[in-house]
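A.B. asks: Here you go, one structure.
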Amino acid sequence: MEIKITEARLTPPDEIARKKENPGFGKVFSDRMFVAGWTAGNGWHGAKIVPYGPIPLDPAANVLHYAQEVFEGLKAYAWADGRVALFRPEMNGRRLNASAERMCMPTVSEEMWTEAIETLVDLERAWIPTDGEGSLYIRPTMIGTEASLGVKVSSTFLFYVIVGPAGPYFPTGFKPVRIWVTRDFVRAAVGGIGFAKTSGNYAASLLPGRLAAEKGCSQVLYLDARERRYIEELGGMNVFCRFGGRLVTPPLGGSILPGVTRDSILRLAPDLGYEVEERPIAIDEIVEGARSGELGEMFAVGTAAVVTAIGELLVEDEPVRIADGGVGETARQLYGALTDIQYGRAEDPYGWTRIVEPRG
Ligand SMILES: Cc1ncc(COP(=O)(O)O)c(C=O)c1O
């Protein structure tokens, strides 16, 4: 695939350094972005890297009304030896395609996925934080662009990739979070779009998320839509419970996003001496386990924060403390093991890291 690279006004190095210092998450973007269009006749075409900026969109565009949209979130890490690595990018590519198929959108070839991301990341190397904590967040996105108010599949699509520096998720250190469990809202039902990374799932989570914040909780832990009994996932992260030496996480049943971090922990934890299990976990089991002390730890996992300890649940309105309410040993250990691989500080026996080679 040929990518045309057009000229962009580049931010001076001292300004990039300043913007990289405290970037937060998702607010600072680099100078350029990848774009490509799709039509039935031409497939994907016109791949190019252009200056970052607004995209022209008809007010009747499908995505603005019927939400044909899928996206991904992954990161590029600057290693101490100057190399830049991606973490399991092919998994995100496969997930994008699974999401796209559910949303009646075209898929992206492995070649296009790899070339789009690696060419852009290579060009924007200067934007990657080098402090061993921050990273370059990569947001590939696909939208339906056809201008038509009929409820139907768009006949034209746009795929774009934007990137920007992201600081450590918890700039003040590894802190346990408080999570709201509610039976009043569901995130997704089996048969719906829960397994797809598509905007509608996140739109549905905004109101419960706001109510959670009003209760001093940082996210919502959703229960299954049918019985409101089994835990599913947070609005933006998967969850694990530790009972003794066993790590348990809900199975992927169609309503949960298949997280790359979740999958990595299921693969890595046995090598650290844990047993792992995917099975339904009732919220009652968690509450009882927290009371009896059998539940040793609970933590959330995802690309943004890697591993986040859950210190307390608010189940409806009842506070349930998990162990001593602090950050457990397993959460620390898994965080360390994963980030050491991501930043090239440890061997990668799983073949998860992919070096972005400098292009000509
Ligand atoms: C709903 C949801 N669940 C789980 C995850 C974690 O997935 P990953 O580990 O691939 O970042 C995310 C983040 O992408 C998410 O949005």
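Starting from 1 in every chain, residues are counted up; chains themselves are A, B, ... following the order of the structure tokens, and ligands are numbered from 1 as listed.
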Please identify every polymer residue within 6 Å of ligand 1, using only C-alpha atoms and all ligand atoms, and present the set as a list in words.
C.D. replies: Gly73, Gly235, Gly236, Met237, Asn238, Leu257, Gly259, Val260, Thr261, Arg262, Gly302 and Thr303 of chain A
A.B. asks: If we count only C-alpha atoms, what is near Ser264 in chain A at a cut-off of 12 Å, once residues fewer than 6 positions away on the same chain are taken out, given as a PyMOL selection string?
C.D. replies: chain A and resi 87-88+91+238+258+270-271+276+301-303+306-307+334-335+337-339+341-342+348+350-353
A.B. asks: Identify, on the basis of only C-alpha atoms, every residue whose closest approach to Ser155 in chain A does not exceed 7 Å; exclude the query and any residue fewer than 5 positions from it along the same chain; express the result as a list in words.
C.D. replies: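 Returned residues: Thr39, Ala40 and Glu146 of chain A.
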A.B. asks: Tell me, as a list in words, which residues lie within 8 Å of range 118-122 of chain A, counting only C-alpha atoms; anything in the same chain fewer than 3 positions away does not count.
C.D. replies: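 Returned residues: Arg32, Met33, Phe34, Ile49, Ala76, Thr114, Glu115, Arg125, Val163, Val356, Glu357, Pro358 and Arg359 of chain A.
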A.B. asks: Per residue of range 181-261 of chain A within 6 Å of range 278-296 of chain A, which atom pair is closest and at what distance in Å (one decimal), using only C-alpha atoms, listed by chain and increasing number, as CSV?
C.D. replies:
```
residue,atom,partner,partner_atom,distance
A:Arg229,CA,A:Ala282,CA,5.4
A:Tyr230,CA,A:Ala282,CA,4.1
A:Ile231,CA,A:Ile281,CA,5.9
A:Arg242,CA,A:Gly296,CA,5.4
A:Phe243,CA,A:Leu295,CA,4.9
A:Val248,CA,A:Glu278,CA,5.8
A:Thr249,CA,A:Glu278,CA,5.0
A:Pro250,CA,A:Pro280,CA,5.0
A:Pro251,CA,A:Glu278,CA,4.9
```
A.B. asks: Do you have the CA of Val181 in chain A-CA of Ser199 in chain A distance handy?
C.D. replies: 22.0 Å
A.B. asks: Going by DSSP on the backbone, which residues of range 204-293 of chain A come out as helix (DSSP H, G or I)? List them as an MDAnalysis selection string.
C.D. replies: chainID A and resid 204 206:214 260:272 283:292
A.B. asks: At what distance in Å, to one decimal, does CA of Asp14 in chain A lie from CA of Val28 in chain A?
C.D. replies: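 Value for the CA of Val28 in chain A-CA of Asp14 in chain A distance: 15.0 Å.
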A.B. asks: Of the candidates A:Leu313, A:Ala17, A:Val220, A:Cys104, which shows the shortest atom-to-atom distance to Pro208 in chain A, using only C-alpha atoms?
C.D. replies: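 Comparing A:Leu313, A:Ala17, A:Val220, A:Cys104 against Pro208 in chain A, the winner is A:Val220.
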A.B. asks: Taking 4 positions as the minimum chain separation for residues in the same chain, which residues sit within 8 Å of Phe174 in chain A when counting only C-alpha atoms? Answer as a short mmCIF file (atom, residue, chain, number, x, y, z; two decimals) with C-alpha atoms, in the first residue's frame.
C.D. replies:
```cif
data_model
loop_
_atom_site.label_atom_id
_atom_site.label_comp_id
_atom_site.auth_asym_id
_atom_site.auth_seq_id
_atom_site.Cartn_x
_atom_site.Cartn_y
_atom_site.Cartn_z
CA PHE A 170 -2.25 8.11 37.57
CA THR A 308 -5.72 -0.53 38.49
CA VAL A 327 -3.15 -1.79 46.16
#
```
A.B. asks: Enumerate the residues of range 17-250 of chain A with a DSSP assignment of strand (DSSP E or B), computed from the backbone, and present them as a VMD selection string.
C.D. replies: chain A and resid 32 to 39 43 to 51 61 69 to 71 74 to 78 84 to 87 135 to 144 147 156 to 166 177 to 181 219 to 223 230 to 234 238 to 243 246 to 249
A.B. asks: Can you tell me which residues surround Ala47 in chain A at a distance of at most 12 Å, considering only C-alpha atoms, apart from same-chain residues fewer than 4 positions away, and format the answer as a list in words?
C.D. replies: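 The residues that qualify are Met1, Glu2, Ile3, Lys4, Ile5, Thr6, Met33, Phe34, Val35, Ala36, Gly37, Trp38, Gly43, Met112, Trp113, Glu115, Ala116, Ile117, Thr119, Leu120, Leu158, Phe159, Tyr160 and Val161 of chain A.
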A.B. asks: Between CA of Ala225 in chain A and CA of Ile143 in chain A, what is the distance in Å, rounded to a tenth?
C.D. replies: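 Those two atoms sit 27.7 Å apart.
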A.B. asks: From the list A:Arg321, A:Arg210, A:Lys152, A:Arg183, which residue is nearest Leu223 in chain A when using only C-alpha atoms?
C.D. replies: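 Closest residue, counting only C-alpha atoms: A:Arg183.
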